[in-house]
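Pasting coords.pdb here (PDB, C-alpha atoms, pLDDT in the B column):
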```
ATOM      1  CA  MET X  21     -22.408 -26.300  -7.536  1.00 40.00           C
ATOM      2  CA  GLU X  22     -20.300 -24.854  -4.734  1.00 48.00           C
ATOM      3  CA  GLN X  23     -17.881 -22.041  -5.493  1.00 56.00           C
ATOM      4  CA  GLU X  24     -14.241 -23.091  -5.328  1.00 73.00           C
ATOM      5  CA  ALA X  25     -12.494 -21.830  -2.195  1.00 83.00           C
ATOM      6  CA  TRP X  26     -10.579 -18.564  -2.455  1.00 89.00           C
ATOM      7  CA  GLN X  27      -6.815 -18.957  -2.924  1.00 94.00           C
ATOM      8  CA  VAL X  28      -4.634 -16.850  -0.624  1.00 95.00           C
ATOM      9  CA  LEU X  29      -0.848 -16.474  -0.836  1.00 96.00           C
ATOM     10  CA  ILE X  30       0.934 -15.494   2.386  1.00 95.00           C
ATOM     11  CA  VAL X  31       4.302 -13.810   1.805  1.00 95.00           C
ATOM     12  CA  GLU X  32       5.896 -14.038   5.245  1.00 93.00           C
ATOM     13  CA  ASP X  33       9.390 -15.099   6.378  1.00 91.00           C
ATOM     14  CA  ASP X  34       8.316 -16.045   9.919  1.00 91.00           C
ATOM     15  CA  GLN X  35       7.541 -19.680   9.146  1.00 92.00           C
ATOM     16  CA  ARG X  36       5.714 -20.437  12.388  1.00 92.00           C
ATOM     17  CA  LEU X  37       3.518 -17.341  12.097  1.00 91.00           C
ATOM     18  CA  ALA X  38       2.807 -18.100   8.444  1.00 92.00           C
ATOM     19  CA  GLU X  39       1.812 -21.695   9.249  1.00 94.00           C
ATOM     20  CA  LEU X  40      -0.423 -20.678  12.165  1.00 93.00           C
ATOM     21  CA  THR X  41      -2.102 -18.088   9.930  1.00 93.00           C
ATOM     22  CA  ARG X  42      -2.514 -20.658   7.167  1.00 94.00           C
ATOM     23  CA  ASP X  43      -4.064 -23.195   9.531  1.00 95.00           C
ATOM     24  CA  TYR X  44      -6.554 -20.644  10.873  1.00 93.00           C
ATOM     25  CA  LEU X  45      -7.560 -19.418   7.419  1.00 93.00           C
ATOM     26  CA  GLU X  46      -7.924 -22.944   6.078  1.00 93.00           C
ATOM     27  CA  THR X  47     -10.268 -23.858   8.945  1.00 93.00           C
ATOM     28  CA  ASN X  48     -12.371 -20.933   7.718  1.00 92.00           C
ATOM     29  CA  GLY X  49     -12.673 -22.243   4.179  1.00 92.00           C
ATOM     30  CA  LEU X  50      -9.730 -20.632   2.369  1.00 93.00           C
ATOM     31  CA  ARG X  51      -6.974 -22.354   0.411  1.00 93.00           C
ATOM     32  CA  VAL X  52      -3.592 -21.004   1.504  1.00 95.00           C
ATOM     33  CA  SER X  53      -0.008 -21.251   0.277  1.00 95.00           C
ATOM     34  CA  ILE X  54       3.126 -19.675   1.737  1.00 95.00           C
ATOM     35  CA  GLU X  55       6.165 -17.910   0.273  1.00 94.00           C
ATOM     36  CA  GLY X  56       8.961 -17.020   2.702  1.00 93.00           C
ATOM     37  CA  ASN X  57      11.476 -15.482   0.311  1.00 92.00           C
ATOM     38  CA  GLY X  58      10.860 -11.906  -0.778  1.00 91.00           C
ATOM     39  CA  ALA X  59      13.103 -12.331  -3.825  1.00 92.00           C
ATOM     40  CA  LEU X  60      10.763 -15.018  -5.195  1.00 93.00           C
ATOM     41  CA  ALA X  61       7.465 -13.456  -4.173  1.00 94.00           C
ATOM     42  CA  ALA X  62       6.815 -11.066  -7.074  1.00 93.00           C
ATOM     43  CA  ALA X  63       7.281 -13.704  -9.766  1.00 94.00           C
ATOM     44  CA  ARG X  64       5.097 -16.134  -7.865  1.00 95.00           C
ATOM     45  CA  ILE X  65       2.281 -13.604  -7.390  1.00 95.00           C
ATOM     46  CA  ILE X  66       2.284 -12.740 -11.091  1.00 93.00           C
ATOM     47  CA  LYS X  67       2.432 -16.389 -12.181  1.00 94.00           C
ATOM     48  CA  GLU X  68      -0.104 -17.894  -9.754  1.00 94.00           C
ATOM     49  CA  LYS X  69      -2.464 -14.901  -9.526  1.00 93.00           C
ATOM     50  CA  PRO X  70      -4.010 -15.853  -6.165  1.00 94.00           C
ATOM     51  CA  ASP X  71      -7.344 -14.316  -5.206  1.00 93.00           C
ATOM     52  CA  LEU X  72      -5.602 -12.331  -2.444  1.00 94.00           C
ATOM     53  CA  VAL X  73      -2.043 -11.718  -1.243  1.00 95.00           C
ATOM     54  CA  ILE X  74      -1.067 -11.195   2.400  1.00 95.00           C
ATOM     55  CA  LEU X  75       2.246  -9.355   2.078  1.00 93.00           C
ATOM     56  CA  ASP X  76       4.619  -8.800   4.983  1.00 91.00           C
ATOM     57  CA  LEU X  77       6.553  -5.539   4.892  1.00 88.00           C
ATOM     58  CA  MET X  78       9.888  -6.818   6.224  1.00 88.00           C
ATOM     59  CA  LEU X  79      11.183  -9.746   4.184  1.00 89.00           C
ATOM     60  CA  PRO X  80      14.554 -11.270   3.285  1.00 88.00           C
ATOM     61  CA  GLY X  81      15.572 -10.808  -0.330  1.00 87.00           C
ATOM     62  CA  GLU X  82      13.154  -7.997  -1.111  1.00 89.00           C
ATOM     63  CA  ASP X  83      10.823  -5.953   1.073  1.00 88.00           C
ATOM     64  CA  GLY X  84       7.066  -5.802   0.750  1.00 88.00           C
ATOM     65  CA  LEU X  85       7.011  -2.276  -0.655  1.00 88.00           C
ATOM     66  CA  ASN X  86       9.214  -3.231  -3.608  1.00 91.00           C
ATOM     67  CA  ILE X  87       7.193  -6.384  -4.203  1.00 92.00           C
ATOM     68  CA  CYS X  88       3.973  -4.356  -4.229  1.00 90.00           C
ATOM     69  CA  ARG X  89       5.518  -1.874  -6.677  1.00 88.00           C
ATOM     70  CA  LYS X  90       6.622  -4.685  -9.010  1.00 90.00           C
ATOM     71  CA  VAL X  91       3.358  -6.596  -9.164  1.00 91.00           C
ATOM     72  CA  ARG X  92       0.717  -3.897  -8.986  1.00 84.00           C
ATOM     73  CA  ASP X  93       0.366  -3.315 -12.734  1.00 82.00           C
ATOM     74  CA  LYS X  94       0.438  -7.071 -13.493  1.00 88.00           C
ATOM     75  CA  TYR X  95      -1.725  -8.396 -10.661  1.00 90.00           C
ATOM     76  CA  ASP X  96      -5.183  -6.941 -10.060  1.00 84.00           C
ATOM     77  CA  GLY X  97      -6.173  -8.928  -6.971  1.00 88.00           C
ATOM     78  CA  PRO X  98      -6.285  -7.379  -3.480  1.00 89.00           C
ATOM     79  CA  ILE X  99      -3.044  -6.963  -1.532  1.00 91.00           C
ATOM     80  CA  LEU X 100      -3.254  -6.889   2.273  1.00 91.00           C
ATOM     81  CA  MET X 101      -0.025  -5.576   3.749  1.00 88.00           C
ATOM     82  CA  LEU X 102       1.267  -6.593   7.181  1.00 87.00           C
ATOM     83  CA  THR X 103       3.569  -4.291   9.133  1.00 81.00           C
ATOM     84  CA  ALA X 104       5.148  -4.597  12.577  1.00 75.00           C
ATOM     85  CA  ARG X 105       5.798  -0.854  12.705  1.00 65.00           C
ATOM     86  CA  THR X 106       3.475   1.542  14.475  1.00 60.00           C
ATOM     87  CA  ASP X 107       4.724   4.499  12.412  1.00 61.00           C
ATOM     88  CA  ASP X 108       2.175   5.128   9.668  1.00 63.00           C
ATOM     89  CA  THR X 109       4.805   6.183   7.096  1.00 66.00           C
ATOM     90  CA  ASP X 110       5.197   2.661   5.708  1.00 64.00           C
ATOM     91  CA  GLN X 111       1.459   2.111   5.783  1.00 65.00           C
ATOM     92  CA  ILE X 112       0.926   5.257   3.700  1.00 69.00           C
ATOM     93  CA  LEU X 113       3.718   4.205   1.316  1.00 69.00           C
ATOM     94  CA  GLY X 114       2.075   0.826   0.910  1.00 69.00           C
ATOM     95  CA  LEU X 115      -1.257   2.420   0.039  1.00 72.00           C
ATOM     96  CA  ASP X 116       0.502   4.770  -2.376  1.00 70.00           C
ATOM     97  CA  LEU X 117       2.044   1.759  -4.149  1.00 72.00           C
ATOM     98  CA  GLY X 118      -1.325   0.070  -4.545  1.00 75.00           C
ATOM     99  CA  ALA X 119      -1.879  -2.032  -1.432  1.00 81.00           C
ATOM    100  CA  ASP X 120      -5.608  -2.348  -0.768  1.00 81.00           C
ATOM    101  CA  ASP X 121      -5.427  -2.510   3.014  1.00 81.00           C
ATOM    102  CA  TYR X 122      -2.957  -2.973   5.846  1.00 81.00           C
ATOM    103  CA  VAL X 123      -2.932  -4.596   9.262  1.00 82.00           C
ATOM    104  CA  CYS X 124      -0.463  -3.944  12.068  1.00 81.00           C
ATOM    105  CA  LYS X 125       1.252  -6.892  13.768  1.00 82.00           C
ATOM    106  CA  PRO X 126       0.488  -8.612  16.000  1.00 82.00           C
ATOM    107  CA  VAL X 127      -2.925  -9.085  14.464  1.00 82.00           C
ATOM    108  CA  ARG X 128      -5.818 -11.014  15.959  1.00 85.00           C
ATOM    109  CA  PRO X 129      -6.781 -13.890  13.649  1.00 87.00           C
ATOM    110  CA  ARG X 130     -10.468 -12.909  13.617  1.00 87.00           C
ATOM    111  CA  LEU X 131      -9.606  -9.355  12.578  1.00 84.00           C
ATOM    112  CA  LEU X 132      -7.301 -10.607   9.830  1.00 88.00           C
ATOM    113  CA  LEU X 133     -10.047 -12.924   8.561  1.00 88.00           C
ATOM    114  CA  ALA X 134     -12.575 -10.060   8.587  1.00 84.00           C
ATOM    115  CA  ARG X 135     -10.242  -7.851   6.526  1.00 83.00           C
ATOM    116  CA  ILE X 136      -9.584 -10.677   4.069  1.00 88.00           C
ATOM    117  CA  GLN X 137     -13.275 -11.449   3.646  1.00 85.00           C
ATOM    118  CA  ALA X 138     -14.096  -7.767   3.109  1.00 79.00           C
ATOM    119  CA  LEU X 139     -11.427  -7.471   0.391  1.00 81.00           C
ATOM    120  CA  LEU X 140     -12.570 -10.662  -1.324  1.00 83.00           C
ATOM    121  CA  ARG X 141     -16.220  -9.558  -1.258  1.00 75.00           C
ATOM    122  CA  ARG X 142     -15.181  -6.251  -2.807  1.00 69.00           C
ATOM    123  CA  SER X 143     -13.194  -7.926  -5.573  1.00 66.00           C
ATOM    124  CA  GLU X 144     -16.166 -10.181  -6.360  1.00 63.00           C
ATOM    125  CA  ALA X 145     -18.853  -7.494  -6.162  1.00 53.00           C
ATOM    126  CA  PRO X 146     -19.207  -6.508  -9.862  1.00 46.00           C
ATOM    127  CA  GLU X 147     -19.888 -10.107 -10.929  1.00 43.00           C
ATOM    128  CA  ALA X 148     -22.027 -10.857  -7.893  1.00 38.00           C
ATOM    129  CA  ALA X 149     -24.407  -7.934  -8.319  1.00 41.00           C
ATOM    130  CA  PRO X 150     -24.861  -7.109 -12.025  1.00 39.00           C
ATOM    131  CA  GLU X 151     -28.141  -5.344 -11.382  1.00 40.00           C
ATOM    132  CA  LYS X 152     -26.277  -2.630  -9.497  1.00 51.00           C
ATOM    133  CA  LEU X 153     -23.793  -1.883 -12.250  1.00 51.00           C
ATOM    134  CA  ARG X 154     -24.080   1.591 -13.650  1.00 81.00           C
ATOM    135  CA  ARG X 155     -22.223   4.620 -14.944  1.00 85.00           C
ATOM    136  CA  LEU X 156     -22.336   8.039 -13.312  1.00 89.00           C
ATOM    137  CA  GLN X 157     -21.353  11.282 -14.999  1.00 88.00           C
ATOM    138  CA  PHE X 158     -20.744  14.665 -13.425  1.00 88.00           C
ATOM    139  CA  GLY X 159     -19.695  17.165 -16.087  1.00 87.00           C
ATOM    140  CA  PRO X 160     -16.337  15.972 -17.482  1.00 91.00           C
ATOM    141  CA  LEU X 161     -15.984  13.246 -14.823  1.00 92.00           C
ATOM    142  CA  VAL X 162     -17.314   9.782 -15.668  1.00 92.00           C
ATOM    143  CA  VAL X 163     -17.155   6.822 -13.288  1.00 92.00           C
ATOM    144  CA  ASP X 164     -18.188   3.380 -14.560  1.00 91.00           C
ATOM    145  CA  ASN X 165     -18.741   0.697 -11.926  1.00 87.00           C
ATOM    146  CA  ALA X 166     -19.187  -2.055 -14.525  1.00 82.00           C
ATOM    147  CA  LEU X 167     -15.822  -1.438 -16.161  1.00 84.00           C
ATOM    148  CA  ARG X 168     -14.305  -0.192 -12.871  1.00 86.00           C
ATOM    149  CA  GLU X 169     -12.826   2.717 -14.793  1.00 90.00           C
ATOM    150  CA  ALA X 170     -13.067   6.499 -14.637  1.00 93.00           C
ATOM    151  CA  TRP X 171     -12.406   9.307 -17.112  1.00 93.00           C
ATOM    152  CA  LEU X 172     -11.829  13.033 -16.874  1.00 92.00           C
ATOM    153  CA  HIS X 173     -12.342  15.005 -20.111  1.00 91.00           C
ATOM    154  CA  ASP X 174     -12.332  11.619 -21.926  1.00 90.00           C
ATOM    155  CA  ASN X 175      -8.899  10.772 -20.549  1.00 93.00           C
ATOM    156  CA  GLY X 176      -8.578   7.611 -18.478  1.00 92.00           C
ATOM    157  CA  ILE X 177      -7.802   8.100 -14.787  1.00 93.00           C
ATOM    158  CA  GLU X 178      -5.276   5.742 -13.188  1.00 90.00           C
ATOM    159  CA  LEU X 179      -6.795   4.433  -9.971  1.00 88.00           C
ATOM    160  CA  THR X 180      -5.856   1.535  -7.724  1.00 84.00           C
ATOM    161  CA  SER X 181      -8.628  -0.919  -6.912  1.00 81.00           C
ATOM    162  CA  ALA X 182      -9.037   0.611  -3.446  1.00 82.00           C
ATOM    163  CA  GLU X 183      -9.105   4.157  -4.851  1.00 88.00           C
ATOM    164  CA  PHE X 184     -11.794   3.215  -7.363  1.00 89.00           C
ATOM    165  CA  ASP X 185     -13.933   1.618  -4.654  1.00 88.00           C
ATOM    166  CA  LEU X 186     -13.724   4.751  -2.544  1.00 91.00           C
ATOM    167  CA  LEU X 187     -14.416   7.079  -5.480  1.00 93.00           C
ATOM    168  CA  TRP X 188     -17.435   5.013  -6.526  1.00 92.00           C
ATOM    169  CA  LEU X 189     -18.782   5.055  -2.976  1.00 90.00           C
ATOM    170  CA  LEU X 190     -18.476   8.845  -2.881  1.00 92.00           C
ATOM    171  CA  VAL X 191     -20.025   9.532  -6.304  1.00 91.00           C
ATOM    172  CA  ALA X 192     -22.803   6.977  -5.731  1.00 88.00           C
ATOM    173  CA  ASN X 193     -23.689   9.021  -2.632  1.00 87.00           C
ATOM    174  CA  ALA X 194     -23.174  12.420  -4.263  1.00 86.00           C
ATOM    175  CA  GLY X 195     -24.557  15.259  -2.167  1.00 86.00           C
ATOM    176  CA  ARG X 196     -24.574  13.216   1.036  1.00 87.00           C
ATOM    177  CA  ILE X 197     -21.949  13.384   3.778  1.00 88.00           C
ATOM    178  CA  LEU X 198     -20.381   9.985   4.413  1.00 88.00           C
ATOM    179  CA  SER X 199     -18.848   9.515   7.832  1.00 86.00           C
ATOM    180  CA  ARG X 200     -15.576   7.640   8.204  1.00 82.00           C
ATOM    181  CA  GLU X 201     -17.550   4.958  10.035  1.00 83.00           C
ATOM    182  CA  GLU X 202     -19.850   4.514   7.016  1.00 84.00           C
ATOM    183  CA  ILE X 203     -16.904   4.429   4.623  1.00 85.00           C
ATOM    184  CA  PHE X 204     -15.019   1.837   6.656  1.00 80.00           C
ATOM    185  CA  THR X 205     -18.089  -0.337   7.043  1.00 79.00           C
ATOM    186  CA  ALA X 206     -18.851  -0.165   3.315  1.00 79.00           C
ATOM    187  CA  LEU X 207     -15.311  -0.800   2.101  1.00 77.00           C
ATOM    188  CA  ARG X 208     -13.847  -3.001   4.790  1.00 67.00           C
ATOM    189  CA  GLY X 209     -16.775  -4.553   6.572  1.00 59.00           C
ATOM    190  CA  ILE X 210     -15.458  -3.305   9.920  1.00 52.00           C
ATOM    191  CA  GLY X 211     -15.945  -0.238  12.066  1.00 52.00           C
ATOM    192  CA  TYR X 212     -13.640   2.774  12.149  1.00 51.00           C
ATOM    193  CA  ASP X 213     -11.164   2.658  15.050  1.00 52.00           C
ATOM    194  CA  GLY X 214     -10.683   6.436  15.168  1.00 52.00           C
ATOM    195  CA  GLN X 215      -7.008   6.284  14.173  1.00 59.00           C
ATOM    196  CA  ASP X 216      -6.693   4.590  10.780  1.00 64.00           C
ATOM    197  CA  ARG X 217      -5.616   7.142   8.143  1.00 73.00           C
ATOM    198  CA  SER X 218      -5.969   4.992   5.029  1.00 76.00           C
ATOM    199  CA  ILE X 219      -9.204   6.676   3.904  1.00 83.00           C
ATOM    200  CA  ASP X 220      -7.659  10.145   4.272  1.00 84.00           C
ATOM    201  CA  VAL X 221      -4.604   9.033   2.274  1.00 85.00           C
ATOM    202  CA  ARG X 222      -6.769   7.704  -0.539  1.00 87.00           C
ATOM    203  CA  ILE X 223      -8.889  10.845  -0.617  1.00 90.00           C
ATOM    204  CA  SER X 224      -5.743  12.967  -0.955  1.00 91.00           C
ATOM    205  CA  ARG X 225      -4.583  10.795  -3.866  1.00 90.00           C
ATOM    206  CA  ILE X 226      -7.965  10.750  -5.628  1.00 93.00           C
ATOM    207  CA  ARG X 227      -8.518  14.513  -5.545  1.00 94.00           C
ATOM    208  CA  PRO X 228      -5.856  15.584  -8.086  1.00 93.00           C
ATOM    209  CA  LYS X 229      -6.682  12.611 -10.303  1.00 94.00           C
ATOM    210  CA  ILE X 230     -10.276  13.818 -10.762  1.00 94.00           C
ATOM    211  CA  GLY X 231      -9.257  17.448 -11.252  1.00 92.00           C
ATOM    212  CA  ASP X 232      -9.849  18.587  -7.678  1.00 92.00           C
ATOM    213  CA  ASP X 233      -7.590  21.066  -5.903  1.00 89.00           C
ATOM    214  CA  PRO X 234      -5.825  19.235  -3.023  1.00 86.00           C
ATOM    215  CA  GLU X 235      -5.300  22.501  -1.128  1.00 87.00           C
ATOM    216  CA  HIS X 236      -8.800  23.905  -1.649  1.00 90.00           C
ATOM    217  CA  PRO X 237     -10.964  20.941  -2.705  1.00 90.00           C
ATOM    218  CA  ARG X 238     -14.347  21.610  -4.309  1.00 91.00           C
ATOM    219  CA  LEU X 239     -15.333  18.122  -5.504  1.00 91.00           C
ATOM    220  CA  ILE X 240     -14.502  15.995  -2.461  1.00 92.00           C
ATOM    221  CA  LYS X 241     -14.906  18.195   0.571  1.00 92.00           C
ATOM    222  CA  THR X 242     -13.806  17.354   4.086  1.00 90.00           C
ATOM    223  CA  ILE X 243     -16.663  18.151   6.457  1.00 87.00           C
ATOM    224  CA  ARG X 244     -15.083  18.717   9.838  1.00 84.00           C
ATOM    225  CA  SER X 245     -16.109  16.206  12.521  1.00 80.00           C
ATOM    226  CA  LYS X 246     -18.498  14.565  10.045  1.00 85.00           C
ATOM    227  CA  GLY X 247     -16.723  12.987   7.094  1.00 88.00           C
ATOM    228  CA  TYR X 248     -16.500  13.492   3.336  1.00 91.00           C
ATOM    229  CA  LEU X 249     -18.897  14.927   0.773  1.00 91.00           C
ATOM    230  CA  PHE X 250     -18.801  14.597  -3.017  1.00 91.00           C
ATOM    231  CA  VAL X 251     -20.239  17.825  -4.486  1.00 89.00           C
ATOM    232  CA  PRO X 252     -21.668  17.073  -7.960  1.00 82.00           C
ATOM    233  CA  GLU X 253     -22.384  20.742  -8.759  1.00 77.00           C
ATOM    234  CA  ALA X 254     -18.674  21.548  -8.503  1.00 74.00           C
ATOM    235  CA  CYS X 255     -17.931  19.344 -11.542  1.00 72.00           C
ATOM    236  CA  THR X 256     -19.613  21.819 -13.851  1.00 63.00           C
ATOM    237  CA  LEU X 257     -17.951  24.942 -12.456  1.00 54.00           C
TER     238      LEU X 257
END
```

In structure tokens, how does this file's structure come out?
Amino acid sequence: MEQEAWQVLIVEDDQRLAELTRDYLETNGLRVSIEGNGALAAARIIKEKPDLVILDLMLPGEDGLNICRKVRDKYDGPILMLTARTDDTDQILGLDLGADDYVCKPVRPRLLLARIQALLRRSEAPEAAPEKLRRLQFGPLVVDNALREAWLHDNGIELTSAEFDLLWLLVANAGRILSREEIFTALRGIGYDGQDRSIDVRISRIRPKIGDDPEHPRLIKTIRSKGYLFVPEACTL
């Protein structure tokens, strides 16, 4: 029995762009609906619970950042944010509010599809690969890939879906330096372009949540010109 096609909701006020995007995604096996009014988007996302949301930043009625803030604790699917701005401030804000990824406009359809497929594969991964599910513990820090939850001193840690994925990748490779290229390939299914700061932003948000010192990190160390290293020994210090 074939798996039902993924459902994607595009929140975009540019009707022609939204329809062209829909047509391209549907030719690649996705089911797509469109919402052009930001004021209606949050309620629709929460009610319909699509498998993935493509959320434009600039919308009439309500902007994408507010929509992301409203739905994030009620909708656990991936949110891919679109922004026409080259300034990374809004991109960082979007990640802070729980967006899983972002793409700058104008975006090439094949790149958009690759990002969408990577996010959908990630959201499906726990069910698709039960044999890989496991729990890792480093002193007071516990990360459970089956439950997709983490604890520090038995207290639950609040992590977005993207933050959990990155933390799991780091702890599952404890003691090994992961390059940004490896991280991007593992989490997004694409190579690192040398400029994207989303991984750095997430690292900076994860550190204090797991008891690391953001100014002088011991658990997740930045290895200059190489990448990031999770140091398991530091958890017991």

Using all atoms listed in the file, collect all residues at a distance of at most 8 Å from (-7.7, -8.0, -3.8) as written in the file, then present them as a ChimeraX atom specification. /X:71-73,96-100,120,139-140,142-143,181

For the selection you just gave me, I'd like the residues written to a file as a PDB file, in the coordinates of the input, keeping C-alpha atoms.
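Here's the written file result_38.pdb:
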```
ATOM      1  CA  ASP X  71      -7.344 -14.316  -5.206  1.00 93.00           C
ATOM      2  CA  LEU X  72      -5.602 -12.331  -2.444  1.00 94.00           C
ATOM      3  CA  VAL X  73      -2.043 -11.718  -1.243  1.00 95.00           C
ATOM      4  CA  ASP X  96      -5.183  -6.941 -10.060  1.00 84.00           C
ATOM      5  CA  GLY X  97      -6.173  -8.928  -6.971  1.00 88.00           C
ATOM      6  CA  PRO X  98      -6.285  -7.379  -3.480  1.00 89.00           C
ATOM      7  CA  ILE X  99      -3.044  -6.963  -1.532  1.00 91.00           C
ATOM      8  CA  LEU X 100      -3.254  -6.889   2.273  1.00 91.00           C
ATOM      9  CA  ASP X 120      -5.608  -2.348  -0.768  1.00 81.00           C
ATOM     10  CA  LEU X 139     -11.427  -7.471   0.391  1.00 81.00           C
ATOM     11  CA  LEU X 140     -12.570 -10.662  -1.324  1.00 83.00           C
ATOM     12  CA  ARG X 142     -15.181  -6.251  -2.807  1.00 69.00           C
ATOM     13  CA  SER X 143     -13.194  -7.926  -5.573  1.00 66.00           C
ATOM     14  CA  SER X 181      -8.628  -0.919  -6.912  1.00 81.00           C
TER      15      SER X 181
END
```

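Selection check: the PyMOL selection byres ((chain X and resi 104) around 9) on the shown file gives Asp76, Leu77, Met78, Leu102, Thr103, Arg105, Thr106, Val123, Cys124, Lys125 and Pro126 of chain X.
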
Write a file of the selected residues as a PDB file, in the frame of the given file, keeping C-alpha atoms.
```
ATOM      1  CA  ASP X  76       4.619  -8.800   4.983  1.00 91.00           C
ATOM      2  CA  LEU X  77       6.553  -5.539   4.892  1.00 88.00           C
ATOM      3  CA  MET X  78       9.888  -6.818   6.224  1.00 88.00           C
ATOM      4  CA  LEU X 102       1.267  -6.593   7.181  1.00 87.00           C
ATOM      5  CA  THR X 103       3.569  -4.291   9.133  1.00 81.00           C
ATOM      6  CA  ARG X 105       5.798  -0.854  12.705  1.00 65.00           C
ATOM      7  CA  THR X 106       3.475   1.542  14.475  1.00 60.00           C
ATOM      8  CA  VAL X 123      -2.932  -4.596   9.262  1.00 82.00           C
ATOM      9  CA  CYS X 124      -0.463  -3.944  12.068  1.00 81.00           C
ATOM     10  CA  LYS X 125       1.252  -6.892  13.768  1.00 82.00           C
ATOM     11  CA  PRO X 126       0.488  -8.612  16.000  1.00 82.00           C
TER      12      PRO X 126
END
```

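Across the model, the gap from atom CA of X:Ile66 to atom CA of X:Trp188 is 26.9 Å.
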
Could you list, as a PyMOL selection string, every residue within 12 Å of X:His236, counting all atoms listed in the file and ignoring same-chain residues fewer than 5 positions away? chain X and resi 224+227-228+231+241-242

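This file gives the following result for the PyMOL selection byres ((chain X and resi 171) around 10): X:Gln157, X:Pro160, X:Leu161, X:Val162, X:Val163, X:Asp164, X:Glu169, X:Ala170, X:Leu172, X:His173, X:Asp174, X:Asn175, X:Gly176, X:Ile177, X:Glu178, X:Lys229, X:Ile230.
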
Shell around X:Gln27 at 6 Å using only C-alpha atoms, local window under 6 positions removed, as a PDB file with C-alpha atoms, in the coordinates of the input:
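File written: result.pdb
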```pdb
ATOM      1  CA  ARG X  51      -6.974 -22.354   0.411  1.00 93.00           C
ATOM      2  CA  VAL X  52      -3.592 -21.004   1.504  1.00 95.00           C
ATOM      3  CA  PRO X  70      -4.010 -15.853  -6.165  1.00 94.00           C
ATOM      4  CA  ASP X  71      -7.344 -14.316  -5.206  1.00 93.00           C
TER       5      ASP X  71
END
```

Given the PyMOL selection byres ((chain X and resi 79) around 12) and the file above, list the residues it selects as a JSON list (two decimals) with C-alpha atoms, keeping the file's coordinate frame.
```
[["chain", "number", "residue", "atom", "x", "y", "z"],
["X", 30, "ILE", "CA", 0.93, -15.49, 2.39],
["X", 31, "VAL", "CA", 4.30, -13.81, 1.80],
["X", 32, "GLU", "CA", 5.90, -14.04, 5.24],
["X", 33, "ASP", "CA", 9.39, -15.10, 6.38],
["X", 34, "ASP", "CA", 8.32, -16.05, 9.92],
["X", 35, "GLN", "CA", 7.54, -19.68, 9.15],
["X", 55, "GLU", "CA", 6.16, -17.91, 0.27],
["X", 56, "GLY", "CA", 8.96, -17.02, 2.70],
["X", 57, "ASN", "CA", 11.48, -15.48, 0.31],
["X", 58, "GLY", "CA", 10.86, -11.91, -0.78],
["X", 59, "ALA", "CA", 13.10, -12.33, -3.82],
["X", 60, "LEU", "CA", 10.76, -15.02, -5.20],
["X", 61, "ALA", "CA", 7.46, -13.46, -4.17],
["X", 75, "LEU", "CA", 2.25, -9.36, 2.08],
["X", 76, "ASP", "CA", 4.62, -8.80, 4.98],
["X", 77, "LEU", "CA", 6.55, -5.54, 4.89],
["X", 78, "MET", "CA", 9.89, -6.82, 6.22],
["X", 80, "PRO", "CA", 14.55, -11.27, 3.28],
["X", 81, "GLY", "CA", 15.57, -10.81, -0.33],
["X", 82, "GLU", "CA", 13.15, -8.00, -1.11],
["X", 83, "ASP", "CA", 10.82, -5.95, 1.07],
["X", 84, "GLY", "CA", 7.07, -5.80, 0.75],
["X", 85, "LEU", "CA", 7.01, -2.28, -0.66],
["X", 86, "ASN", "CA", 9.21, -3.23, -3.61],
["X", 87, "ILE", "CA", 7.19, -6.38, -4.20],
["X", 101, "MET", "CA", -0.02, -5.58, 3.75],
["X", 102, "LEU", "CA", 1.27, -6.59, 7.18],
["X", 103, "THR", "CA", 3.57, -4.29, 9.13],
["X", 104, "ALA", "CA", 5.15, -4.60, 12.58]]
```

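Of note, atom CA of X:Arg200 and atom CA of X:Ser218 are spaced 10.5 Å apart.
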
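Close contacts of stretch 43-46 of chain X, defined as residues with an atom at most 10 Å away when counting all atoms listed in the file, with chain neighbours fewer than 2 positions off set aside, comprise Ala25, Trp26, Gln27, Val28, Leu37, Ala38, Glu39, Leu40, Thr41, Asn48, Gly49, Leu50, Arg51, Val52, Ser53, Pro129, Arg130, Leu132, Leu133 and Ile136 of chain X.
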